[in-house]
>>> print(open('model.cif').read())   # mmCIF, C-alpha atoms
data_target
#
loop_
_atom_site.label_atom_id
_atom_site.label_comp_id
_atom_site.auth_asym_id
_atom_site.auth_seq_id
_atom_site.Cartn_x
_atom_site.Cartn_y
_atom_site.Cartn_z
CA MET A 1 -15.93 -18.00 19.20
CA GLU A 2 -15.56 -18.46 15.46
CA GLU A 3 -15.45 -15.21 13.49
CA TRP A 4 -16.44 -16.62 10.09
CA VAL A 5 -18.91 -19.20 8.81
CA ALA A 6 -18.77 -21.08 5.51
CA ALA A 7 -21.93 -20.27 3.53
CA THR A 8 -21.47 -22.10 0.22
CA VAL A 9 -18.85 -23.38 -2.21
CA LEU A 10 -18.09 -22.59 -5.85
CA PRO A 11 -16.49 -25.71 -7.38
CA ASN A 12 -15.95 -24.27 -10.87
CA ILE A 13 -13.23 -21.80 -9.87
CA GLU A 14 -10.00 -22.07 -7.93
CA LEU A 15 -9.00 -18.76 -6.40
CA GLN A 16 -5.42 -17.57 -6.15
CA ALA A 17 -6.25 -14.83 -3.63
CA PRO A 18 -9.28 -13.88 -1.52
CA ILE A 19 -11.83 -11.34 -2.73
CA GLU A 20 -12.80 -9.29 0.29
CA GLY A 21 -16.16 -7.56 0.74
CA GLY A 22 -15.96 -6.49 4.37
CA CYS A 23 -18.32 -8.86 6.18
CA VAL A 24 -18.30 -11.30 3.23
CA ALA A 25 -15.40 -12.82 1.32
CA LEU A 26 -14.79 -15.33 -1.44
CA VAL A 27 -11.67 -17.23 -0.46
CA PRO A 28 -9.44 -20.07 -1.71
CA ARG A 29 -9.40 -23.48 -0.09
CA ASP A 30 -6.10 -22.78 1.67
CA ASP A 31 -7.21 -19.45 3.19
CA ALA A 32 -6.30 -19.18 6.89
CA ARG A 33 -9.95 -18.71 7.84
CA ILE A 34 -10.96 -21.93 6.10
CA LYS A 35 -8.07 -23.82 7.69
CA ALA A 36 -9.19 -22.59 11.12
CA LEU A 37 -12.76 -23.73 10.48
CA CYS A 38 -11.56 -27.12 9.24
CA ARG A 39 -9.56 -27.67 12.44
CA VAL A 40 -12.69 -27.14 14.52
CA HIS A 41 -15.08 -28.90 12.11
CA PRO A 42 -13.53 -32.03 10.55
CA ASN A 43 -16.64 -32.55 8.40
CA LEU A 44 -15.92 -29.29 6.58
CA LYS A 45 -12.41 -30.48 5.74
CA LYS A 46 -13.84 -33.81 4.58
CA PHE A 47 -16.53 -32.07 2.49
CA LEU A 48 -14.09 -29.71 0.75
CA GLY A 49 -11.72 -32.58 0.01
CA LYS A 50 -14.35 -34.62 -1.82
CA PHE A 51 -14.63 -32.46 -4.97
CA THR A 52 -13.38 -33.72 -8.34
CA ASP A 53 -14.01 -32.96 -12.00
CA ALA A 54 -15.83 -35.37 -14.33
CA PHE A 55 -12.64 -37.45 -14.68
CA ASN A 56 -12.02 -37.85 -10.94
CA GLU A 57 -9.22 -35.25 -10.86
CA LYS A 58 -9.14 -33.46 -7.52
CA ILE A 59 -10.26 -29.81 -7.54
CA ARG A 60 -10.10 -27.10 -4.89
CA PRO A 61 -13.39 -25.18 -4.71
CA ALA A 62 -13.62 -21.56 -3.68
CA VAL A 63 -15.58 -20.90 -0.48
CA LEU A 64 -17.94 -18.02 0.28
CA ILE A 65 -17.65 -17.03 3.95
CA VAL A 66 -19.60 -14.56 6.09
CA HIS A 67 -18.46 -12.83 9.28
CA THR A 68 -20.48 -13.78 12.34
CA ASP A 69 -21.03 -10.11 13.21
CA ALA A 70 -22.56 -9.32 9.81
CA PRO A 71 -26.13 -7.98 9.75
CA GLN A 72 -28.75 -10.70 9.40
CA SER A 73 -29.64 -9.36 5.96
CA VAL A 74 -26.20 -10.39 4.68
CA PHE A 75 -26.92 -14.05 5.42
CA ASP A 76 -29.89 -14.03 3.02
CA VAL A 77 -29.33 -15.73 -0.32
CA ASP A 78 -30.26 -12.47 -2.06
CA ALA A 79 -27.25 -10.69 -0.55
CA LEU A 80 -24.86 -13.59 -1.13
CA ALA A 81 -25.98 -14.02 -4.73
CA SER A 82 -25.59 -10.29 -5.35
CA PHE A 83 -22.04 -10.42 -3.96
CA ARG A 84 -21.36 -13.29 -6.35
CA ASP A 85 -22.99 -11.40 -9.24
CA ALA A 86 -20.66 -8.43 -8.70
CA ILE A 87 -17.61 -10.71 -8.95
CA ALA A 88 -18.94 -12.72 -11.87
CA VAL A 89 -19.90 -9.70 -13.98
CA SER A 90 -16.61 -7.90 -13.21
CA THR A 91 -14.77 -10.98 -14.44
CA VAL A 92 -16.82 -11.87 -17.52
CA VAL A 93 -17.07 -8.36 -19.02
CA TYR A 94 -13.30 -7.94 -18.85
CA ASN A 95 -12.47 -11.40 -20.20
CA ARG A 96 -14.90 -11.12 -23.09
CA ALA A 97 -13.33 -7.81 -24.08
CA LEU A 98 -9.93 -9.53 -24.06
CA GLU A 99 -11.41 -12.38 -26.10
CA LEU A 100 -12.60 -9.93 -28.76
CA ARG A 101 -9.13 -8.42 -29.00
CA TYR A 102 -7.08 -11.59 -28.53
CA PRO A 103 -9.26 -14.62 -29.41
CA HIS A 104 -8.97 -18.17 -28.11
CA GLY A 105 -7.49 -17.38 -24.72
CA ASN A 106 -8.06 -19.69 -21.76
CA ARG A 107 -10.39 -17.23 -20.01
CA ILE A 108 -13.43 -17.15 -17.76
CA ASN A 109 -16.01 -16.08 -20.34
CA PHE A 110 -19.17 -17.49 -18.76
CA SER A 111 -20.79 -16.82 -15.41
CA ASN A 112 -21.46 -20.55 -14.88
CA SER A 113 -17.97 -20.56 -13.37
CA PHE A 114 -19.48 -18.79 -10.34
CA TRP A 115 -22.29 -21.31 -9.76
CA PHE A 116 -23.23 -22.01 -6.13
CA TYR A 117 -23.04 -25.72 -5.38
CA PRO A 118 -26.49 -27.01 -4.29
CA TRP A 119 -25.21 -29.11 -1.37
CA MET A 120 -23.67 -27.58 1.74
CA LEU A 121 -23.07 -28.52 5.37
CA ASP A 122 -25.66 -27.42 7.89
CA LYS A 123 -24.96 -24.72 10.47
CA GLN A 124 -23.40 -27.23 12.85
CA TYR A 125 -21.17 -28.66 10.07
CA GLU A 126 -22.64 -32.12 10.64
CA GLY A 127 -24.98 -33.23 7.86
CA LEU A 128 -25.43 -32.12 4.25
CA ILE A 129 -28.43 -30.14 3.03
CA GLY A 130 -29.30 -29.89 -0.65
CA SER A 131 -31.66 -27.14 -1.70
CA THR A 132 -32.86 -25.97 -5.13
CA PRO A 133 -36.31 -25.17 -6.56
CA ALA A 134 -36.35 -28.81 -7.75
CA MET A 135 -35.41 -30.59 -4.51
CA LEU A 136 -34.80 -30.38 -0.79
CA GLY A 137 -32.76 -33.17 0.76
CA ILE A 138 -30.36 -34.25 3.50
CA HIS A 139 -27.47 -36.73 3.39
CA ASP A 140 -24.25 -37.86 5.05
CA VAL A 141 -20.88 -36.31 4.28
CA SER A 142 -19.32 -39.78 4.10
CA ALA A 143 -21.39 -40.62 1.02
CA PHE A 144 -20.76 -37.31 -0.74
CA LYS A 145 -18.93 -37.03 -4.06
CA GLY A 146 -18.84 -33.41 -5.27
CA GLN A 147 -18.19 -32.44 -8.88
CA SER A 148 -17.60 -29.32 -10.91
CA SER A 149 -19.98 -28.66 -13.80
CA PRO A 150 -19.15 -31.04 -16.66
CA GLU A 151 -19.97 -28.47 -19.37
CA ILE A 152 -17.20 -26.05 -18.34
CA PRO A 153 -13.67 -26.72 -17.02
CA GLN A 154 -12.64 -25.50 -13.62
CA LYS A 155 -10.72 -22.22 -14.04
CA ILE A 156 -8.08 -20.52 -11.92
CA LEU A 157 -9.14 -16.98 -11.03
CA SER A 158 -6.56 -14.35 -10.10
CA ASN A 159 -6.94 -10.64 -9.44
CA LEU A 160 -5.52 -9.99 -12.92
CA ASP A 161 -8.61 -11.63 -14.43
CA ILE A 162 -11.03 -9.15 -12.83
CA ASP A 163 -11.97 -5.59 -13.81
CA GLN A 164 -10.78 -4.15 -10.49
CA PRO A 165 -12.17 -0.59 -10.75
CA LEU A 166 -15.58 -2.02 -11.60
CA LEU A 167 -15.47 -4.62 -8.82
CA ASP A 168 -14.37 -2.05 -6.22
CA ALA A 169 -17.28 0.21 -7.15
CA LEU A 170 -19.80 -2.65 -7.16
CA LEU A 171 -18.67 -3.98 -3.78
CA SER A 172 -18.92 -0.48 -2.31
CA ARG A 173 -22.51 -0.30 -3.54
CA TRP A 174 -23.11 -3.84 -2.25
CA GLN A 175 -22.12 -2.72 1.24
CA ARG A 176 -24.56 0.18 1.03
CA ARG A 177 -27.36 -1.98 -0.40
CA TYR A 178 -27.18 -4.88 2.06
CA THR A 179 -25.75 -3.37 5.26
CA GLY A 180 -27.31 0.11 5.17
CA ARG A 181 -30.61 1.17 6.70
CA ARG A 182 -32.17 2.63 3.57
CA ILE A 183 -32.31 1.15 0.09
CA SER A 184 -32.29 3.60 -2.79
CA TRP A 185 -33.93 3.01 -6.16
CA SER A 186 -30.55 3.09 -7.90
CA ASP A 187 -29.16 0.36 -5.61
CA ARG A 188 -32.19 -1.84 -6.22
CA ALA A 189 -31.88 -1.27 -9.96
CA LEU A 190 -28.14 -1.99 -9.93
CA PHE A 191 -28.32 -5.38 -8.25
CA ARG A 192 -31.46 -6.39 -10.09
CA SER A 193 -29.61 -5.58 -13.31
CA LEU A 194 -26.52 -7.51 -12.20
CA ASN A 195 -28.72 -10.52 -11.47
CA MET A 196 -30.03 -10.38 -15.03
CA ALA A 197 -26.53 -9.84 -16.45
CA ASN A 198 -25.25 -12.87 -14.54
CA GLN A 199 -27.93 -14.99 -16.23
CA ALA A 200 -27.24 -13.42 -19.63
CA ALA A 201 -23.52 -14.19 -19.25
CA MET A 202 -24.08 -17.93 -18.86
CA LEU A 203 -23.48 -20.57 -21.51
CA PRO A 204 -26.33 -20.42 -24.02
CA ALA A 205 -26.80 -24.16 -23.44
CA GLY A 206 -24.67 -27.29 -23.30
CA SER A 207 -23.61 -29.53 -26.18
CA ASP A 208 -27.08 -28.90 -27.66
CA THR A 209 -26.57 -25.13 -28.11
CA THR A 210 -28.50 -23.67 -31.04
CA PHE A 211 -28.74 -20.29 -32.74
CA TYR A 212 -31.97 -19.65 -30.83
CA ASP A 213 -30.27 -20.21 -27.46
CA VAL A 214 -27.90 -17.36 -28.30
CA GLY A 215 -30.87 -15.22 -29.31
CA ARG A 216 -32.52 -15.88 -25.95
CA LEU A 217 -29.46 -14.59 -24.10
CA ILE A 218 -29.46 -11.48 -26.29
CA GLY A 219 -32.92 -10.85 -24.82
CA LEU A 220 -31.58 -11.18 -21.27
CA TRP A 221 -28.76 -8.74 -22.01
CA VAL A 222 -31.26 -6.13 -23.22
CA SER A 223 -33.23 -6.61 -19.98
CA ALA A 224 -30.05 -6.07 -17.94
CA PHE A 225 -29.41 -2.79 -19.78
CA GLU A 226 -33.00 -1.57 -19.45
CA ILE A 227 -33.22 -2.35 -15.73
CA LEU A 228 -30.00 -0.41 -15.18
CA ALA A 229 -31.27 2.58 -17.17
CA HIS A 230 -34.78 2.61 -15.66
CA PRO A 231 -35.53 6.08 -14.21
CA GLY A 232 -37.65 4.76 -11.34
CA LYS A 233 -40.69 6.68 -12.45
CA GLY A 234 -41.80 6.25 -16.02
CA LYS A 235 -40.42 3.64 -18.39
CA SER A 236 -37.10 2.34 -19.58
CA GLY A 237 -36.24 1.53 -23.16
CA ILE A 238 -33.68 2.08 -25.87
CA PHE A 239 -33.25 5.83 -25.40
CA PRO A 240 -32.51 5.72 -21.64
CA VAL A 241 -29.83 3.13 -22.43
CA TYR A 242 -28.41 5.37 -25.15
CA HIS A 243 -28.33 8.21 -22.61
CA LEU A 244 -26.43 6.01 -20.14
CA LEU A 245 -23.82 5.09 -22.75
CA GLU A 246 -23.49 8.73 -23.80
CA LYS A 247 -22.63 9.72 -20.21
CA VAL A 248 -19.41 7.72 -20.43
CA GLU A 249 -16.12 9.62 -20.51
CA TRP A 250 -14.50 7.65 -23.33
CA GLY A 251 -10.73 7.35 -23.30
CA GLY A 252 -10.27 7.20 -27.07
CA LYS A 253 -11.64 9.37 -29.86
CA PRO A 254 -12.88 6.44 -32.00
CA CYS A 255 -15.27 5.39 -29.23
CA ALA A 256 -16.29 8.96 -28.41
CA ALA A 257 -17.03 9.99 -32.02
CA ARG A 258 -20.74 10.37 -32.84
CA ARG A 259 -20.60 9.09 -36.41
CA TYR A 260 -22.93 6.08 -36.42
CA LYS A 261 -26.61 5.94 -37.28
CA ALA A 262 -27.94 3.88 -34.39
CA TYR A 263 -31.23 1.99 -34.43
CA SER A 264 -34.33 4.01 -33.57
CA PRO A 265 -38.00 2.98 -33.44
CA ASN A 266 -38.51 6.15 -35.46
CA ARG A 267 -37.14 5.06 -38.83
CA ASN A 268 -36.79 8.68 -39.95
CA ALA A 269 -34.44 9.61 -37.11
CA GLN A 270 -31.10 10.92 -38.36
CA ASP A 271 -29.24 11.32 -35.05
CA ARG A 272 -25.63 10.18 -35.13
CA ARG A 273 -24.41 8.38 -32.03
CA THR A 274 -21.34 6.59 -30.69
CA LEU A 275 -20.14 3.13 -31.64
CA ALA A 276 -21.46 1.82 -28.31
CA CYS A 277 -24.94 3.13 -29.08
CA TRP A 278 -24.79 1.61 -32.56
CA LEU A 279 -23.87 -1.78 -31.11
CA TYR A 280 -26.60 -1.59 -28.48
CA GLY A 281 -29.16 -0.57 -31.10
CA GLU A 282 -28.33 -3.66 -33.16
CA ILE A 283 -28.52 -5.88 -30.07
CA TYR A 284 -31.88 -4.31 -29.17
CA ASP A 285 -33.27 -4.82 -32.68
CA ALA A 286 -32.01 -8.42 -32.76
CA ARG A 287 -33.72 -9.05 -29.41
CA ASN A 288 -37.00 -7.85 -30.90
CA GLN A 289 -36.61 -10.15 -33.89
CA PHE A 290 -35.91 -13.20 -31.73
CA LEU A 291 -38.41 -12.70 -28.93
CA HIS A 292 -41.27 -11.54 -31.15
CA GLY A 293 -41.00 -14.65 -33.29
CA ASN A 294 -39.95 -12.88 -36.49
CA VAL A 295 -37.99 -14.72 -39.18
CA VAL A 296 -34.28 -14.61 -38.36
CA SER A 297 -31.21 -16.06 -40.04
CA GLN A 298 -27.80 -17.07 -38.74
CA ASN A 299 -26.37 -13.90 -40.27
CA ARG A 300 -28.61 -11.65 -38.18
CA LEU A 301 -26.17 -11.76 -35.28
CA ILE A 302 -22.97 -11.34 -37.31
CA VAL A 303 -21.10 -8.03 -37.41
CA LYS A 304 -19.75 -8.27 -40.96
CA LYS A 305 -16.50 -6.30 -40.68
CA ALA A 306 -15.53 -8.01 -37.47
CA ASP A 307 -16.93 -11.43 -38.41
CA ARG A 308 -18.08 -11.74 -34.81
CA SER A 309 -21.44 -12.29 -33.18
CA LEU A 310 -23.28 -9.38 -31.59
CA PHE A 311 -23.56 -11.68 -28.57
CA GLN A 312 -19.81 -11.31 -27.97
CA PHE A 313 -20.08 -7.53 -27.68
CA ALA A 314 -22.92 -7.47 -25.14
CA ALA A 315 -20.80 -8.03 -22.01
CA PRO A 316 -18.12 -5.34 -22.59
CA LEU A 317 -20.88 -2.99 -23.73
CA TYR A 318 -22.67 -3.63 -20.42
CA ARG A 319 -19.48 -2.66 -18.61
CA MET A 320 -19.66 0.74 -20.26
CA ALA A 321 -23.32 1.10 -19.28
CA LEU A 322 -22.20 0.44 -15.69
CA THR A 323 -19.46 3.03 -16.19
CA GLY A 324 -22.09 5.63 -17.00
CA PHE A 325 -24.43 4.47 -14.24
CA LEU A 326 -22.08 4.29 -11.24
CA PRO A 327 -20.30 6.47 -12.57
CA LEU A 328 -16.73 5.21 -12.90
CA SER A 329 -14.01 7.83 -13.39
CA CYS A 330 -10.32 8.32 -12.71
CA PRO A 331 -9.44 8.97 -9.06
CA ASP A 332 -8.88 12.57 -8.01
CA LEU A 333 -5.55 13.90 -6.79
CA VAL A 334 -6.18 14.51 -3.10
CA SER A 335 -2.86 16.22 -2.26
CA SER A 336 -0.81 19.00 -3.79
CA ASN A 337 1.66 18.33 -6.57
CA ASP A 338 4.45 18.98 -4.05
CA ASP A 339 3.63 15.71 -2.29
CA LEU A 340 5.64 13.32 -4.50
CA LYS A 341 4.38 10.17 -2.78
CA ALA A 342 0.74 11.18 -3.24
CA LEU A 343 1.44 12.20 -6.82
CA GLY A 344 3.05 8.85 -7.55
CA GLU A 345 0.10 6.98 -6.04
CA TYR A 346 -2.30 9.11 -8.07
CA ILE A 347 -0.44 8.41 -11.32
CA ALA A 348 -0.37 4.66 -10.60
CA ALA A 349 -4.10 4.62 -9.75
CA SER A 350 -4.96 6.63 -12.87
CA VAL A 351 -2.92 4.41 -15.16
CA GLY A 352 -4.48 1.33 -13.57
CA PHE A 353 -7.99 2.68 -13.95
CA ARG A 354 -7.49 3.67 -17.59
CA SER A 355 -5.94 0.34 -18.53
CA TYR A 356 -9.15 -1.56 -17.77
CA GLN A 357 -11.38 0.80 -19.70
CA LYS A 358 -8.84 0.82 -22.54
CA THR A 359 -9.18 -2.96 -22.78
CA ILE A 360 -12.98 -2.66 -22.94
CA GLU A 361 -12.80 0.05 -25.62
CA GLU A 362 -10.35 -1.98 -27.70
CA GLY A 363 -12.75 -4.91 -27.56
CA LEU A 364 -15.67 -2.79 -28.72
CA LEU A 365 -13.60 -1.26 -31.51
CA THR A 366 -13.12 -4.67 -33.09
CA ALA A 367 -16.70 -4.22 -34.36
CA ARG A 368 -15.26 -1.88 -37.00
CA GLY A 369 -12.85 -4.46 -38.42
CA GLU A 370 -9.16 -3.79 -38.94
CA ASP A 371 -9.60 -1.33 -41.80
CA SER A 372 -13.19 -0.29 -41.22
CA THR A 373 -14.41 3.10 -40.04
CA ARG A 374 -18.06 2.06 -39.95
CA PRO A 375 -19.67 -1.10 -38.65
CA THR A 376 -22.18 -2.92 -40.82
CA LEU A 377 -24.23 -6.08 -40.38
CA ARG A 378 -24.70 -8.93 -42.79
CA LYS A 379 -27.94 -8.81 -44.72
CA ARG A 380 -30.96 -9.69 -42.62
CA SER A 381 -33.79 -12.02 -43.52
CA ALA A 382 -36.99 -10.45 -44.71
CA PRO A 383 -39.69 -10.58 -42.03
#
>>> encode(input="model.cif", output="structure tokens")
Amino acid sequence: MEEWVAATVLPNIELQAPIEGGCVALVPRDDARIKALCRVHPNLKKFLGKFTDAFNEKIRPAVLIVHTDAPQSVFDVDALASFRDAIAVSTVVYNRALELRYPHGNRINFSNSFWFYPWMLDKQYEGLIGSTPAMLGIHDVSAFKGQSSPEIPQKILSNLDIDQPLLDALLSRWQRRYTGRRISWSDRALFRSLNMANQAAMLPAGSDTTFYDVGRLIGLWVSAFEILAHPGKGKSGIFPVYHLLEKVEWGGKPCAARRYKAYSPNRNAQDRRTLACWLYGEIYDARNQFLHGNVVSQNRLIVKKADRSLFQFAAPLYRMALTGFLPLSCPDLVSSNDDLKALGEYIAASVGFRSYQKTIEEGLLTARGEDSTRPTLRKRSAP
């Protein structure tokens, strides 16, 4: 009996190593489990071999597989999409922080890279089924010609491209959310928020991208933050998000310092908050300007000292909101200091954990500019 089934393919990424989630895994084309399935089901091998880019160059899609003993709930698209969202967000937030610090790298900066292909073999690996809200169809594998998305190049994804502490925590919560008996409010909020963040992290549009497309995604980012910070009873809003960001144990003093006057609906408020809160307040205010139809200018999204768009800071800032929500913290030393092996493992794990958050903090700190101690925005348009 086969132990794994192929659920869907992701043609926009080529994996270097599998990403394991227990009863679910995202694996490369040459994974042993895929090879075993292809030996039994020649149509699967044929299907996976028919993918090219827009210029007919062969590509090797990643494959999402599910263990046959997994709970039925795991086979639902909700669970599979949430698994994908955890990987996509853990990749994009880290790469966008790197992009702020070291621009123009060949990185996975948009969640479109993790798009599920709409055509897949049926359960018997015989015919093709295509399913989206716009169509439902069947076809023969022999006529199939699969392509990656033409608006983004296929990218190679390695473990070094992923925020590993974040992904580990999210996949642990995924197991609890989709294989456990009870679903907590916080788990519902987390994966609902990740769904919104995955949409917010997409390309604003294609070759027709406008300033207003970027503003729309700013709105989705604010929704992702507010869903995450929602208390369950009552309402979410800017202050619950501030509270989430203020729960973070910042690694560096510049990020921890409460020296910035963050946006408040109460214009007389004088509270000083962290850089992260200042950035979120500006994103929140920009969202209001865009979605309420107020007059906006191109400069509204530009952080003057950094000469960067607020849009670029949203993803790494969301990582820090997740840090406060989960919460993420350095691993504890579980053995005495006399156990040199355990101590060495603890030091390695701590250094590894801190390195990812350090990258995120360095990305956020670019908002201050090289010689700036306070962030400022370019002048806004009058409403």
>>> closest_residue(input="model.cif", among="A:Pro103, A:Pro28, A:Pro118, A:Gly130", to="Ile65 of chain A", atoms="all atoms listed in the file")
A:Pro28
>>> residues_around(input="model.cif", residues="segment 5-10 of chain A", least_positions_apart="6", cutoff="6 Å", atoms="all atoms listed in the file", output="PDB file with C-alpha atoms, in the coordinates of the input")
ATOM      1  CA  PRO A  61     -13.390 -25.180  -4.710  1.00  0.00           C
ATOM      2  CA  ALA A  62     -13.620 -21.560  -3.680  1.00  0.00           C
ATOM      3  CA  VAL A  63     -15.580 -20.900  -0.480  1.00  0.00           C
ATOM      4  CA  LEU A  64     -17.940 -18.020   0.280  1.00  0.00           C
ATOM      5  CA  ILE A  65     -17.650 -17.030   3.950  1.00  0.00           C
ATOM      6  CA  VAL A  66     -19.600 -14.560   6.090  1.00  0.00           C
ATOM      7  CA  TRP A 115     -22.290 -21.310  -9.760  1.00  0.00           C
ATOM      8  CA  PHE A 116     -23.230 -22.010  -6.130  1.00  0.00           C
ATOM      9  CA  TYR A 117     -23.040 -25.720  -5.380  1.00  0.00           C
TER      10      TYR A 117
END
>>> residues_around(input="model.cif", residues="segment 259-262 of chain A", least_positions_apart="5", cutoff="6 Å", atoms="all atoms listed in the file", output="compact mmCIF listing (two decimals) with C-alpha atoms, keeping the file's coordinate frame")
# COMPACT_ATOMS: atom_id res chain seq x y z
CA ARG A 272 -25.63 10.18 -35.13
CA ARG A 273 -24.41 8.38 -32.03
CA THR A 274 -21.34 6.59 -30.69
CA TRP A 278 -24.79 1.61 -32.56
CA GLY A 281 -29.16 -0.57 -31.10
>>> closest_atom_pairs(input="model.cif", of="segment 263-331 of chain A", to="segment 201-220 of chain A", cutoff="12 Å", atoms="all atoms listed in the file", output="tab-separated table")
residue	atom	partner	partner_atom	distance
A:Tyr280	CA	A:Ile218	CA	10.5
A:Gly281	CA	A:Ile218	CA	11.9
A:Glu282	CA	A:Ile218	CA	10.5
A:Ile283	CA	A:Ile218	CA	6.8
A:Tyr284	CA	A:Gly219	CA	7.9
A:Asp285	CA	A:Gly219	CA	9.9
A:Ala286	CA	A:Ile218	CA	7.6
A:Arg287	CA	A:Gly219	CA	5.0
A:Asn288	CA	A:Gly219	CA	7.9
A:Gln289	CA	A:Gly215	CA	8.9
A:Phe290	CA	A:Gly215	CA	5.9
A:Leu291	CA	A:Gly219	CA	7.1
A:His292	CA	A:Gly219	CA	10.5
A:Gly293	CA	A:Tyr212	CA	10.6
A:Asn294	CA	A:Gly215	CA	11.8
A:Val295	CA	A:Tyr212	CA	11.4
A:Val296	CA	A:Tyr212	CA	9.4
A:Ser297	CA	A:Phe211	CA	8.8
A:Gln298	CA	A:Phe211	CA	6.9
A:Asn299	CA	A:Phe211	CA	10.2
A:Arg300	CA	A:Gly215	CA	9.8
A:Leu301	CA	A:Gly215	CA	8.3
A:Ile302	CA	A:Phe211	CA	11.6
A:Ser309	CA	A:Val214	CA	9.6
A:Leu310	CA	A:Ile218	CA	8.4
A:Phe311	CA	A:Ile218	CA	6.3
A:Gln312	CA	A:Ile218	CA	9.8
A:Phe313	CA	A:Ile218	CA	10.3
A:Ala314	CA	A:Ile218	CA	7.8
A:Ala315	CA	A:Ala201	CA	7.3
A:Pro316	CA	A:Ala201	CA	10.9
A:Tyr318	CA	A:Ala201	CA	10.7
>>> residues_around(input="model.cif", residues="Gly324 of chain A", least_positions_apart="3", cutoff="12 Å", atoms="all atoms listed in the file", output="list in words")
Leu166, Phe225, Leu228, Ala229, Pro240, Val241, Tyr242, His243, Leu244, Leu245, Glu246, Lys247, Val248, Glu249, Trp250, Ala276, Leu317, Tyr318, Arg319, Met320, Ala321, Pro327, Leu328 and Ser329 of chain A
>>> write_last_selection(input="model.cif", atoms="C-alpha atoms", output="PDB file, keeping the file's coordinate frame")
ATOM      1  CA  LEU A 166     -15.580  -2.020 -11.600  1.00  0.00           C
ATOM      2  CA  PHE A 225     -29.410  -2.790 -19.780  1.00  0.00           C
ATOM      3  CA  LEU A 228     -30.000  -0.410 -15.180  1.00  0.00           C
ATOM      4  CA  ALA A 229     -31.270   2.580 -17.170  1.00  0.00           C
ATOM      5  CA  PRO A 240     -32.510   5.720 -21.640  1.00  0.00           C
ATOM      6  CA  VAL A 241     -29.830   3.130 -22.430  1.00  0.00           C
ATOM      7  CA  TYR A 242     -28.410   5.370 -25.150  1.00  0.00           C
ATOM      8  CA  HIS A 243     -28.330   8.210 -22.610  1.00  0.00           C
ATOM      9  CA  LEU A 244     -26.430   6.010 -20.140  1.00  0.00           C
ATOM     10  CA  LEU A 245     -23.820   5.090 -22.750  1.00  0.00           C
ATOM     11  CA  GLU A 246     -23.490   8.730 -23.800  1.00  0.00           C
ATOM     12  CA  LYS A 247     -22.630   9.720 -20.210  1.00  0.00           C
ATOM     13  CA  VAL A 248     -19.410   7.720 -20.430  1.00  0.00           C
ATOM     14  CA  GLU A 249     -16.120   9.620 -20.510  1.00  0.00           C
ATOM     15  CA  TRP A 250     -14.500   7.650 -23.330  1.00  0.00           C
ATOM     16  CA  ALA A 276     -21.460   1.820 -28.310  1.00  0.00           C
ATOM     17  CA  LEU A 317     -20.880  -2.990 -23.730  1.00  0.00           C
ATOM     18  CA  TYR A 318     -22.670  -3.630 -20.420  1.00  0.00           C
ATOM     19  CA  ARG A 319     -19.480  -2.660 -18.610  1.00  0.00           C
ATOM     20  CA  MET A 320     -19.660   0.740 -20.260  1.00  0.00           C
ATOM     21  CA  ALA A 321     -23.320   1.100 -19.280  1.00  0.00           C
ATOM     22  CA  PRO A 327     -20.300   6.470 -12.570  1.00  0.00           C
ATOM     23  CA  LEU A 328     -16.730   5.210 -12.900  1.00  0.00           C
ATOM     24  CA  SER A 329     -14.010   7.830 -13.390  1.00  0.00           C
TER      25      SER A 329
END
>>> residues_around(input="model.cif", residues="Gly146 of chain A", least_positions_apart="5", cutoff="8 Å", atoms="all atoms listed in the file", output="ChimeraX atom specification")
/A:50-52
>>> resolve_selection(input="model.cif", expression="the PyMOL selection byres ((chain A and resi 367) around 8)", output="list in words")
Val303, Lys305, Ala306, Arg308, Gly363, Leu364, Leu365, Thr366, Arg368, Gly369 and Pro375 of chain A
>>> closest_residue(input="model.cif", among="A:Leu48, A:Leu190, A:Ile162, A:Leu326", to="Met120 of chain A", atoms="all atoms listed in the file")
A:Leu48
>>> residues_around(input="model.cif", residues="Ala32 of chain A", least_positions_apart="2", cutoff="12 Å", atoms="all atoms listed in the file", output="PDB file with C-alpha atoms, in the frame of the given file")
ATOM      1  CA  GLU A   3     -15.450 -15.210  13.490  1.00  0.00           C
ATOM      2  CA  TRP A   4     -16.440 -16.620  10.090  1.00  0.00           C
ATOM      3  CA  ALA A  17      -6.250 -14.830  -3.630  1.00  0.00           C
ATOM      4  CA  PRO A  18      -9.280 -13.880  -1.520  1.00  0.00           C
ATOM      5  CA  VAL A  27     -11.670 -17.230  -0.460  1.00  0.00           C
ATOM      6  CA  PRO A  28      -9.440 -20.070  -1.710  1.00  0.00           C
ATOM      7  CA  ARG A  29      -9.400 -23.480  -0.090  1.00  0.00           C
ATOM      8  CA  ASP A  30      -6.100 -22.780   1.670  1.00  0.00           C
ATOM      9  CA  ILE A  34     -10.960 -21.930   6.100  1.00  0.00           C
ATOM     10  CA  LYS A  35      -8.070 -23.820   7.690  1.00  0.00           C
ATOM     11  CA  ALA A  36      -9.190 -22.590  11.120  1.00  0.00           C
ATOM     12  CA  LEU A  37     -12.760 -23.730  10.480  1.00  0.00           C
ATOM     13  CA  CYS A  38     -11.560 -27.120   9.240  1.00  0.00           C
ATOM     14  CA  ARG A  39      -9.560 -27.670  12.440  1.00  0.00           C
ATOM     15  CA  VAL A  63     -15.580 -20.900  -0.480  1.00  0.00           C
ATOM     16  CA  ILE A  65     -17.650 -17.030   3.950  1.00  0.00           C
TER      17      ILE A  65
END
>>> atom_distance(input="model.cif", atom1="atom CA of Ala70 of chain A", atom2="atom CA of Ala88 of chain A")
22.2 Å
